[in-house]
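Engineer: Data: data-v1.cif, mmCIF, N, CA and C atoms.
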```cif
data_query
#
loop_
_atom_site.label_atom_id
_atom_site.label_comp_id
_atom_site.auth_asym_id
_atom_site.auth_seq_id
_atom_site.Cartn_x
_atom_site.Cartn_y
_atom_site.Cartn_z
N MET O 11 155.89 124.33 176.67
CA MET O 11 154.49 124.36 176.29
C MET O 11 154.06 123.03 175.66
N GLY O 12 154.83 122.50 174.74
CA GLY O 12 154.48 121.24 174.07
C GLY O 12 154.47 120.08 175.02
N ALA O 13 155.52 119.97 175.85
CA ALA O 13 155.60 118.87 176.80
C ALA O 13 154.49 118.99 177.84
N GLY O 14 154.18 120.21 178.23
CA GLY O 14 153.10 120.43 179.20
C GLY O 14 151.76 119.95 178.67
N ALA O 15 151.50 120.21 177.40
CA ALA O 15 150.24 119.77 176.79
C ALA O 15 150.19 118.24 176.72
N VAL O 16 151.33 117.63 176.46
CA VAL O 16 151.40 116.16 176.37
C VAL O 16 151.14 115.53 177.74
N ILE O 17 151.57 116.21 178.80
CA ILE O 17 151.31 115.71 180.15
C ILE O 17 149.80 115.56 180.36
N TYR O 18 149.05 116.54 179.90
CA TYR O 18 147.60 116.47 180.03
C TYR O 18 147.02 115.31 179.23
N LEU O 19 147.56 115.07 178.04
CA LEU O 19 147.08 113.94 177.24
C LEU O 19 147.31 112.62 177.97
N ARG O 20 148.48 112.49 178.58
CA ARG O 20 148.76 111.25 179.31
C ARG O 20 147.81 111.10 180.49
N LYS O 21 147.57 112.18 181.20
CA LYS O 21 146.66 112.14 182.34
C LYS O 21 145.25 111.75 181.89
N ILE O 22 144.81 112.30 180.77
CA ILE O 22 143.50 111.94 180.23
C ILE O 22 143.45 110.45 179.90
N PHE O 23 144.50 109.94 179.26
CA PHE O 23 144.57 108.52 178.90
C PHE O 23 144.48 107.65 180.14
N GLU O 24 145.21 108.02 181.19
CA GLU O 24 145.17 107.27 182.43
C GLU O 24 143.77 107.30 183.04
N GLN O 25 143.14 108.48 183.05
CA GLN O 25 141.81 108.61 183.64
C GLN O 25 140.76 107.84 182.84
N ILE O 26 140.86 107.91 181.51
CA ILE O 26 139.92 107.16 180.66
C ILE O 26 140.00 105.68 180.99
N THR O 27 141.22 105.19 181.08
CA THR O 27 141.44 103.76 181.33
C THR O 27 140.92 103.38 182.71
N THR O 28 141.22 104.17 183.71
CA THR O 28 140.79 103.90 185.07
C THR O 28 139.26 103.96 185.19
N GLN O 29 138.65 104.96 184.60
CA GLN O 29 137.19 105.08 184.65
C GLN O 29 136.52 103.93 183.91
N SER O 30 137.10 103.53 182.79
CA SER O 30 136.55 102.40 182.04
C SER O 30 136.70 101.11 182.84
N ALA O 31 137.81 100.98 183.55
CA ALA O 31 138.00 99.80 184.40
C ALA O 31 136.92 99.74 185.46
N THR O 32 136.72 100.84 186.13
CA THR O 32 135.71 100.90 187.20
C THR O 32 134.32 100.60 186.64
N ALA O 33 133.99 101.19 185.50
CA ALA O 33 132.68 100.96 184.88
C ALA O 33 132.49 99.51 184.45
N SER O 34 133.60 98.84 184.15
CA SER O 34 133.53 97.44 183.71
C SER O 34 133.71 96.45 184.85
N GLY O 35 133.86 96.96 186.07
CA GLY O 35 134.03 96.08 187.22
C GLY O 35 135.43 95.52 187.36
N ILE O 36 136.40 96.18 186.74
CA ILE O 36 137.79 95.74 186.81
C ILE O 36 138.48 96.49 187.94
N ASP O 37 139.14 95.76 188.82
CA ASP O 37 139.85 96.37 189.93
C ASP O 37 141.15 96.98 189.43
N CYS O 38 141.40 98.21 189.80
CA CYS O 38 142.61 98.92 189.38
C CYS O 38 143.80 98.63 190.29
N LEU O 39 143.54 97.88 191.36
CA LEU O 39 144.60 97.52 192.30
C LEU O 39 144.94 96.05 192.15
N ASN O 40 146.19 95.72 192.39
CA ASN O 40 146.57 94.31 192.35
C ASN O 40 146.36 93.68 193.73
N SER O 41 146.74 92.45 193.91
CA SER O 41 146.46 91.71 195.14
C SER O 41 147.11 92.29 196.39
N ASN O 42 148.19 93.05 196.23
CA ASN O 42 148.83 93.65 197.42
C ASN O 42 148.36 95.08 197.67
N GLY O 43 147.29 95.50 196.96
CA GLY O 43 146.71 96.81 197.21
C GLY O 43 147.37 97.96 196.48
N ARG O 44 148.32 97.69 195.64
CA ARG O 44 148.99 98.74 194.86
C ARG O 44 148.35 98.84 193.48
N ARG O 45 148.51 100.00 192.85
CA ARG O 45 147.97 100.19 191.50
C ARG O 45 148.57 99.17 190.55
N LYS O 46 147.72 98.63 189.68
CA LYS O 46 148.19 97.71 188.66
C LYS O 46 149.12 98.44 187.69
N ASN O 47 150.01 97.70 187.11
CA ASN O 47 150.85 98.20 186.03
C ASN O 47 149.91 98.71 184.94
N PHE O 48 150.20 99.90 184.40
CA PHE O 48 149.28 100.50 183.44
C PHE O 48 149.09 99.62 182.21
N LYS O 49 150.14 99.01 181.73
CA LYS O 49 150.03 98.16 180.55
C LYS O 49 149.05 97.02 180.80
N ALA O 50 149.18 96.38 181.95
CA ALA O 50 148.28 95.26 182.28
C ALA O 50 146.85 95.75 182.42
N LEU O 51 146.66 96.89 183.07
CA LEU O 51 145.31 97.44 183.25
C LEU O 51 144.70 97.80 181.90
N LEU O 52 145.48 98.46 181.05
CA LEU O 52 144.99 98.85 179.73
C LEU O 52 144.56 97.63 178.92
N GLU O 53 145.39 96.59 178.93
CA GLU O 53 145.06 95.38 178.19
C GLU O 53 143.78 94.73 178.71
N GLU O 54 143.65 94.71 180.03
CA GLU O 54 142.46 94.12 180.65
C GLU O 54 141.20 94.91 180.30
N VAL O 55 141.31 96.23 180.40
CA VAL O 55 140.16 97.09 180.09
C VAL O 55 139.79 96.98 178.62
N ASP O 56 140.79 97.05 177.74
CA ASP O 56 140.49 97.00 176.32
C ASP O 56 139.92 95.65 175.91
N ALA O 57 140.39 94.58 176.53
CA ALA O 57 139.85 93.25 176.22
C ALA O 57 138.37 93.16 176.60
N LYS O 58 138.00 93.83 177.67
CA LYS O 58 136.61 93.76 178.14
C LYS O 58 135.72 94.82 177.50
N SER O 59 136.26 96.01 177.26
CA SER O 59 135.43 97.13 176.82
C SER O 59 135.76 97.71 175.45
N SER O 60 136.82 97.26 174.84
CA SER O 60 137.23 97.76 173.52
C SER O 60 137.28 99.28 173.45
N ILE O 61 138.06 99.88 174.35
CA ILE O 61 138.15 101.35 174.37
C ILE O 61 139.08 101.90 173.29
N ILE O 62 140.02 101.10 172.85
CA ILE O 62 140.99 101.55 171.86
C ILE O 62 140.44 101.29 170.45
N PRO O 63 140.42 102.31 169.59
CA PRO O 63 139.96 102.08 168.22
C PRO O 63 140.79 101.00 167.54
N ARG O 64 140.13 100.21 166.71
CA ARG O 64 140.81 99.07 166.06
C ARG O 64 142.01 99.52 165.23
N GLU O 65 141.97 100.76 164.72
CA GLU O 65 143.07 101.25 163.88
C GLU O 65 144.42 101.22 164.58
N PHE O 66 144.41 101.36 165.90
CA PHE O 66 145.70 101.30 166.60
C PHE O 66 145.64 100.43 167.85
N SER O 67 144.72 99.47 167.87
CA SER O 67 144.59 98.62 169.05
C SER O 67 145.83 97.79 169.32
N VAL O 68 146.55 97.39 168.29
CA VAL O 68 147.78 96.63 168.52
C VAL O 68 148.90 97.51 169.08
N ASN O 69 148.73 98.83 168.99
CA ASN O 69 149.73 99.77 169.50
C ASN O 69 149.20 100.61 170.66
N SER O 70 148.22 100.10 171.37
CA SER O 70 147.60 100.91 172.43
C SER O 70 148.60 101.32 173.50
N TYR O 71 149.46 100.41 173.92
CA TYR O 71 150.43 100.78 174.95
C TYR O 71 151.52 101.67 174.37
N ARG O 72 151.77 101.55 173.09
CA ARG O 72 152.78 102.41 172.46
C ARG O 72 152.38 103.87 172.61
N LEU O 73 151.10 104.17 172.55
CA LEU O 73 150.63 105.54 172.77
C LEU O 73 151.03 106.01 174.16
N PHE O 74 150.81 105.20 175.16
CA PHE O 74 151.18 105.57 176.53
C PHE O 74 152.69 105.75 176.64
N ARG O 75 153.44 104.85 176.02
CA ARG O 75 154.90 104.93 176.04
C ARG O 75 155.39 106.22 175.39
N GLU O 76 154.79 106.58 174.28
CA GLU O 76 155.16 107.80 173.56
C GLU O 76 154.88 109.03 174.43
N LEU O 77 153.71 109.05 175.05
CA LEU O 77 153.37 110.15 175.95
C LEU O 77 154.34 110.22 177.12
N SER O 78 154.71 109.08 177.65
CA SER O 78 155.62 109.02 178.80
C SER O 78 157.02 109.47 178.44
N GLU O 79 157.48 109.11 177.25
CA GLU O 79 158.83 109.51 176.82
C GLU O 79 158.94 111.02 176.74
N ILE O 80 157.90 111.66 176.24
CA ILE O 80 157.91 113.13 176.18
C ILE O 80 157.87 113.70 177.59
N LEU O 81 157.03 113.13 178.42
CA LEU O 81 156.89 113.58 179.80
C LEU O 81 158.21 113.50 180.57
N HIS O 82 158.94 112.42 180.37
CA HIS O 82 160.18 112.20 181.12
C HIS O 82 161.40 112.82 180.46
N GLY O 83 161.19 113.63 179.44
CA GLY O 83 162.29 114.39 178.86
C GLY O 83 163.09 113.67 177.80
N ASP O 84 162.57 112.59 177.25
CA ASP O 84 163.30 111.87 176.21
C ASP O 84 163.18 112.57 174.86
N TYR O 85 162.32 113.59 174.76
CA TYR O 85 162.17 114.38 173.56
C TYR O 85 162.35 115.84 173.92
N ASN O 86 162.76 116.65 172.96
CA ASN O 86 162.84 118.08 173.24
C ASN O 86 161.48 118.73 172.98
N GLU O 87 161.39 119.99 173.32
CA GLU O 87 160.13 120.72 173.21
C GLU O 87 159.59 120.75 171.78
N ASP O 88 160.48 120.92 170.81
CA ASP O 88 160.05 120.95 169.41
C ASP O 88 159.45 119.61 168.97
N SER O 89 160.03 118.52 169.43
CA SER O 89 159.49 117.19 169.11
C SER O 89 158.11 117.00 169.74
N ALA O 90 157.96 117.47 170.96
CA ALA O 90 156.67 117.36 171.64
C ALA O 90 155.60 118.15 170.88
N ILE O 91 155.94 119.34 170.45
CA ILE O 91 155.00 120.16 169.70
C ILE O 91 154.67 119.50 168.36
N ALA O 92 155.67 118.94 167.71
CA ALA O 92 155.46 118.28 166.41
C ALA O 92 154.55 117.06 166.53
N LYS O 93 154.62 116.36 167.65
CA LYS O 93 153.83 115.14 167.84
C LYS O 93 152.47 115.39 168.47
N TYR O 94 152.29 116.57 169.05
CA TYR O 94 151.08 116.84 169.83
C TYR O 94 149.79 116.59 169.05
N GLU O 95 149.68 117.12 167.86
CA GLU O 95 148.43 117.00 167.10
C GLU O 95 148.06 115.53 166.88
N SER O 96 149.02 114.71 166.52
CA SER O 96 148.74 113.28 166.29
C SER O 96 148.40 112.56 167.58
N LEU O 97 149.14 112.86 168.64
CA LEU O 97 148.86 112.24 169.94
C LEU O 97 147.47 112.64 170.43
N ASN O 98 147.15 113.91 170.29
CA ASN O 98 145.84 114.41 170.69
C ASN O 98 144.73 113.69 169.90
N ARG O 99 144.95 113.50 168.60
CA ARG O 99 143.93 112.85 167.78
C ARG O 99 143.67 111.42 168.25
N LEU O 100 144.72 110.72 168.65
CA LEU O 100 144.55 109.35 169.14
C LEU O 100 143.76 109.33 170.46
N ILE O 101 144.04 110.28 171.33
CA ILE O 101 143.29 110.37 172.60
C ILE O 101 141.82 110.69 172.31
N VAL O 102 141.58 111.64 171.41
CA VAL O 102 140.21 111.97 171.03
C VAL O 102 139.54 110.75 170.40
N GLY O 103 140.29 109.97 169.64
CA GLY O 103 139.76 108.75 169.04
C GLY O 103 139.29 107.76 170.09
N ILE O 104 140.02 107.66 171.18
CA ILE O 104 139.62 106.76 172.28
C ILE O 104 138.31 107.27 172.89
N LEU O 105 138.24 108.56 173.14
CA LEU O 105 137.02 109.13 173.71
C LEU O 105 135.83 108.92 172.78
N GLU O 106 136.03 109.14 171.49
CA GLU O 106 134.96 108.93 170.51
C GLU O 106 134.55 107.46 170.45
N ASN O 107 135.53 106.57 170.54
CA ASN O 107 135.26 105.13 170.50
C ASN O 107 134.41 104.70 171.70
N ILE O 108 134.75 105.21 172.87
CA ILE O 108 133.98 104.89 174.07
C ILE O 108 132.55 105.41 173.93
N LYS O 109 132.41 106.63 173.45
CA LYS O 109 131.08 107.22 173.27
C LYS O 109 130.28 106.41 172.25
N ASN O 110 130.91 106.07 171.14
CA ASN O 110 130.24 105.30 170.09
C ASN O 110 129.80 103.93 170.62
N ASN O 111 130.69 103.24 171.33
CA ASN O 111 130.35 101.93 171.90
C ASN O 111 129.14 102.04 172.83
N SER O 112 129.14 103.08 173.65
CA SER O 112 128.04 103.29 174.59
C SER O 112 126.73 103.54 173.86
N GLU O 113 126.77 104.39 172.83
CA GLU O 113 125.56 104.70 172.08
C GLU O 113 125.03 103.47 171.32
N LEU O 114 125.94 102.68 170.76
CA LEU O 114 125.52 101.47 170.05
C LEU O 114 124.90 100.46 171.02
N ASN O 115 125.53 100.28 172.18
CA ASN O 115 124.98 99.36 173.18
C ASN O 115 123.60 99.81 173.65
N LYS O 116 123.43 101.12 173.82
CA LYS O 116 122.13 101.66 174.24
C LYS O 116 121.08 101.41 173.16
N ALA O 117 121.43 101.61 171.88
CA ALA O 117 120.50 101.38 170.78
C ALA O 117 120.10 99.90 170.71
N ILE O 118 121.08 99.02 170.88
CA ILE O 118 120.81 97.57 170.88
C ILE O 118 119.88 97.21 172.04
N GLU O 119 120.15 97.80 173.19
CA GLU O 119 119.31 97.55 174.36
C GLU O 119 117.90 98.07 174.13
N ASN O 120 117.78 99.27 173.55
CA ASN O 120 116.46 99.84 173.27
C ASN O 120 115.66 98.99 172.30
N LEU O 121 116.34 98.32 171.38
CA LEU O 121 115.67 97.45 170.43
C LEU O 121 115.34 96.08 171.02
N GLY O 122 115.90 95.80 172.20
CA GLY O 122 115.66 94.53 172.84
C GLY O 122 116.39 93.37 172.18
N TRP O 123 117.43 93.68 171.47
CA TRP O 123 118.20 92.63 170.79
C TRP O 123 119.04 91.86 171.79
N ASP O 124 119.19 90.59 171.53
CA ASP O 124 120.06 89.73 172.32
C ASP O 124 121.49 90.00 171.90
N LEU O 125 122.35 90.32 172.85
CA LEU O 125 123.74 90.62 172.52
C LEU O 125 124.51 89.40 172.04
N GLY O 126 123.94 88.21 172.20
CA GLY O 126 124.59 86.99 171.75
C GLY O 126 124.39 86.71 170.28
N GLY O 127 123.60 87.50 169.60
CA GLY O 127 123.35 87.28 168.18
C GLY O 127 121.93 86.84 167.92
N ASP O 128 121.66 86.44 166.67
CA ASP O 128 120.31 86.03 166.26
C ASP O 128 119.85 84.95 167.16
#
```
Let me see the file written as C-alpha cells.
Structural biologist:
Amino acid sequence: MGAGAVIYLRKIFEQITTQSATASGIDCLNSNGRRKNFKALLEEVDAKSSIIPREFSVNSYRLFRELSEILHGDYNEDSAIAKYESLNRLIVGILENIKNNSELNKAIENLGWDLGGD
C-alpha cells in the first residue's frame, strides 16, 4: 500500500515536469528522439519556470531519487508508509508553487507591469 501510493507521487512529479516543459516550450525529447534524462529535464524546466519551491530547490532531484528508490524496492513497505506524508507534501508544494507563480504572473499582466522591473 505505501509503495503503491509513492508510485503515484512519482508519476505526478513526472507529469508536472513534462507539462511544465511543454508549457514553457521545452522539448522533452533529446536530439535522437528519445526522452530526455529526467534530471536534465527537471533542471531545465525549473531554471525556466521555477516549479520547485525554493525551500528544497537544491534538492529537487533528490525528491525524484527518493521516490524512485521506494518504487524499485530499495525500501520496505513500512519505510514507504513512514515517508509518504513528507513526500506527498513536497509534491503538493510543487503544485502550489506552480499555481502561485501562474496567479502572480496573471496579476502582474493584469496590472500592465513590465516584467523587467521599474
Engineer: Env of Leu19 in chain O: 8 Å cut, atoms = all atoms listed in the file, seq-sep filter 4 positions within chain, self excluded. Answer as a list in words.
Structural biologist: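 Those residues are Ala13, Gly14, Ala15, Phe23, Glu24, Gln25, Leu77, Leu97, Asn98 and Ile101 of chain O.
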Engineer: Env of Lys46 in chain O: 12 Å cut, atoms = only C-alpha atoms, seq-sep filter 5 positions within chain, self excluded. Answer as a list in words.
Structural biologist: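 The contact residues come out as Glu24, Thr27, Thr28, Ala31, Ile36, Asp37, Cys38, Leu39, Asn40, Ser41, Leu51, Leu52, Glu53, Glu54 and Val55 of chain O.
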Engineer: Give me, please, the distance in Å between CA of Asn107 in chain O and CA of Asp56 in chain O, quoted to one decimal.
Structural biologist: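 Going from CA of Asn107 in chain O over to CA of Asp56 in chain O, I get 11.3 Å.
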Engineer: Rounded to one decimal place, report the CA of Tyr94 in chain O-atom N of His82 in chain O distance in Å.
Structural biologist: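 Between CA of Tyr94 in chain O and atom N of His82 in chain O the gap works out to 13.9 Å.
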Engineer: From the set O:Lys58, O:Phe48, O:Gly83, O:Glu119, which residue has the shortest atom-to-atom contact distance to Tyr71 in chain O, counting all atoms listed in the file?
Structural biologist: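 Answer, going by the shortest atom-to-atom distance: O:Phe48.
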Engineer: I need the residue set behind the PyMOL selection byres (((chain O and resi 109 and name CA) around 12) and name CA) for this file; please write it as an mmCIF file with N, CA and C atoms, keeping the file's coordinate frame.
Structural biologist:
```
data_model
loop_
_atom_site.group_PDB
_atom_site.id
_atom_site.type_symbol
_atom_site.label_atom_id
_atom_site.label_comp_id
_atom_site.auth_asym_id
_atom_site.auth_seq_id
_atom_site.Cartn_x
_atom_site.Cartn_y
_atom_site.Cartn_z
ATOM 1 N N ILE O 26 140.860 107.910 181.510
ATOM 2 C CA ILE O 26 139.920 107.160 180.660
ATOM 3 C C ILE O 26 140.000 105.680 180.990
ATOM 4 N N SER O 30 137.100 103.530 182.790
ATOM 5 C CA SER O 30 136.550 102.400 182.040
ATOM 6 C C SER O 30 136.700 101.110 182.840
ATOM 7 N N SER O 59 136.260 96.010 177.260
ATOM 8 C CA SER O 59 135.430 97.130 176.820
ATOM 9 C C SER O 59 135.760 97.710 175.450
ATOM 10 N N SER O 60 136.820 97.260 174.840
ATOM 11 C CA SER O 60 137.230 97.760 173.520
ATOM 12 C C SER O 60 137.280 99.280 173.450
ATOM 13 N N ILE O 61 138.060 99.880 174.350
ATOM 14 C CA ILE O 61 138.150 101.350 174.370
ATOM 15 C C ILE O 61 139.080 101.900 173.290
ATOM 16 N N ILE O 62 140.020 101.100 172.850
ATOM 17 C CA ILE O 62 140.990 101.550 171.860
ATOM 18 C C ILE O 62 140.440 101.290 170.450
ATOM 19 N N PRO O 63 140.420 102.310 169.590
ATOM 20 C CA PRO O 63 139.960 102.080 168.220
ATOM 21 C C PRO O 63 140.790 101.000 167.540
ATOM 22 N N VAL O 102 141.580 111.640 171.410
ATOM 23 C CA VAL O 102 140.210 111.970 171.030
ATOM 24 C C VAL O 102 139.540 110.750 170.400
ATOM 25 N N GLY O 103 140.290 109.970 169.640
ATOM 26 C CA GLY O 103 139.760 108.750 169.040
ATOM 27 C C GLY O 103 139.290 107.760 170.090
ATOM 28 N N ILE O 104 140.020 107.660 171.180
ATOM 29 C CA ILE O 104 139.620 106.760 172.280
ATOM 30 C C ILE O 104 138.310 107.270 172.890
ATOM 31 N N LEU O 105 138.240 108.560 173.140
ATOM 32 C CA LEU O 105 137.020 109.130 173.710
ATOM 33 C C LEU O 105 135.830 108.920 172.780
ATOM 34 N N GLU O 106 136.030 109.140 171.490
ATOM 35 C CA GLU O 106 134.960 108.930 170.510
ATOM 36 C C GLU O 106 134.550 107.460 170.450
ATOM 37 N N ASN O 107 135.530 106.570 170.540
ATOM 38 C CA ASN O 107 135.260 105.130 170.500
ATOM 39 C C ASN O 107 134.410 104.700 171.700
ATOM 40 N N ILE O 108 134.750 105.210 172.870
ATOM 41 C CA ILE O 108 133.980 104.890 174.070
ATOM 42 C C ILE O 108 132.550 105.410 173.930
ATOM 43 N N ASN O 110 130.910 106.070 171.140
ATOM 44 C CA ASN O 110 130.240 105.300 170.090
ATOM 45 C C ASN O 110 129.800 103.930 170.620
ATOM 46 N N ASN O 111 130.690 103.240 171.330
ATOM 47 C CA ASN O 111 130.350 101.930 171.900
ATOM 48 C C ASN O 111 129.140 102.040 172.830
ATOM 49 N N SER O 112 129.140 103.080 173.650
ATOM 50 C CA SER O 112 128.040 103.290 174.590
ATOM 51 C C SER O 112 126.730 103.540 173.860
ATOM 52 N N GLU O 113 126.770 104.390 172.830
ATOM 53 C CA GLU O 113 125.560 104.700 172.080
ATOM 54 C C GLU O 113 125.030 103.470 171.320
ATOM 55 N N LEU O 114 125.940 102.680 170.760
ATOM 56 C CA LEU O 114 125.520 101.470 170.050
ATOM 57 C C LEU O 114 124.900 100.460 171.020
ATOM 58 N N ASN O 115 125.530 100.280 172.180
ATOM 59 C CA ASN O 115 124.980 99.360 173.180
ATOM 60 C C ASN O 115 123.600 99.810 173.650
ATOM 61 N N LYS O 116 123.430 101.120 173.820
ATOM 62 C CA LYS O 116 122.130 101.660 174.240
ATOM 63 C C LYS O 116 121.080 101.410 173.160
#
```
Engineer: Output as number ranges by chain all residues of chain O that backbone DSSP marks as helix (DSSP H, G or I).
Structural biologist: O: 12-33, 48-59, 64-81, 87-121
Engineer: In Å, how far is it from CA of Tyr18 in chain O to CA of Lys49 in chain O?
Structural biologist: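 Calculated distance between CA of Tyr18 in chain O and CA of Lys49 in chain O is 18.5 Å.
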Engineer: Keeping just N, CA, C and O atoms, export range 80-94 of chain O of this structure as a CSV table (one decimal), in the first residue's frame.
Structural biologist:
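Okay, this is what ended up in part38.csv:
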```
chain,number,residue,atom,x,y,z
O,80,ILE,N,12.0,4.0,-3.5
O,80,ILE,CA,10.9,3.2,-2.9
O,80,ILE,C,10.2,2.4,-4.0
O,80,ILE,O,9.9,1.2,-3.8
O,81,LEU,N,10.1,3.0,-5.2
O,81,LEU,CA,9.5,2.3,-6.3
O,81,LEU,C,10.2,1.0,-6.7
O,81,LEU,O,9.6,0.0,-6.9
O,82,HIS,N,11.5,1.1,-6.7
O,82,HIS,CA,12.4,0.0,-7.1
O,82,HIS,C,12.7,-1.0,-6.0
O,82,HIS,O,13.6,-1.9,-6.2
O,83,GLY,N,12.1,-0.8,-4.8
O,83,GLY,CA,12.2,-1.8,-3.8
O,83,GLY,C,13.4,-1.6,-2.9
O,83,GLY,O,13.8,-2.5,-2.1
O,84,ASP,N,14.0,-0.4,-2.9
O,84,ASP,CA,15.1,-0.2,-2.0
O,84,ASP,C,14.7,0.1,-0.6
O,84,ASP,O,15.5,0.2,0.3
O,85,TYR,N,13.4,0.3,-0.4
O,85,TYR,CA,12.8,0.5,1.0
O,85,TYR,C,11.8,-0.6,1.2
O,85,TYR,O,11.1,-1.0,0.2
O,86,ASN,N,11.5,-0.9,2.4
O,86,ASN,CA,10.4,-1.8,2.7
O,86,ASN,C,9.1,-1.0,2.8
O,86,ASN,O,9.1,0.2,2.8
O,87,GLU,N,8.0,-1.7,2.9
O,87,GLU,CA,6.7,-1.1,3.0
O,87,GLU,C,6.5,-0.1,4.1
O,87,GLU,O,5.9,0.9,4.0
O,88,ASP,N,7.0,-0.5,5.3
O,88,ASP,CA,6.9,0.4,6.5
O,88,ASP,C,7.7,1.7,6.2
O,88,ASP,O,7.2,2.8,6.6
O,89,SER,N,8.8,1.6,5.6
O,89,SER,CA,9.6,2.9,5.3
O,89,SER,C,8.8,3.7,4.3
O,89,SER,O,8.8,5.0,4.4
O,90,ALA,N,8.2,3.1,3.3
O,90,ALA,CA,7.4,3.9,2.3
O,90,ALA,C,6.3,4.6,3.0
O,90,ALA,O,6.0,5.7,2.7
O,91,ILE,N,5.6,3.9,3.9
O,91,ILE,CA,4.5,4.5,4.6
O,91,ILE,C,5.0,5.6,5.5
O,91,ILE,O,4.3,6.7,5.6
O,92,ALA,N,6.1,5.4,6.2
O,92,ALA,CA,6.6,6.4,7.1
O,92,ALA,C,7.0,7.7,6.3
O,92,ALA,O,6.9,8.8,6.8
O,93,LYS,N,7.5,7.6,5.1
O,93,LYS,CA,7.9,8.7,4.3
O,93,LYS,C,6.8,9.3,3.4
O,93,LYS,O,7.0,10.5,2.9
O,94,TYR,N,5.7,8.6,3.3
O,94,TYR,CA,4.7,9.1,2.4
O,94,TYR,C,4.2,10.5,2.6
O,94,TYR,O,4.1,11.3,1.7
```
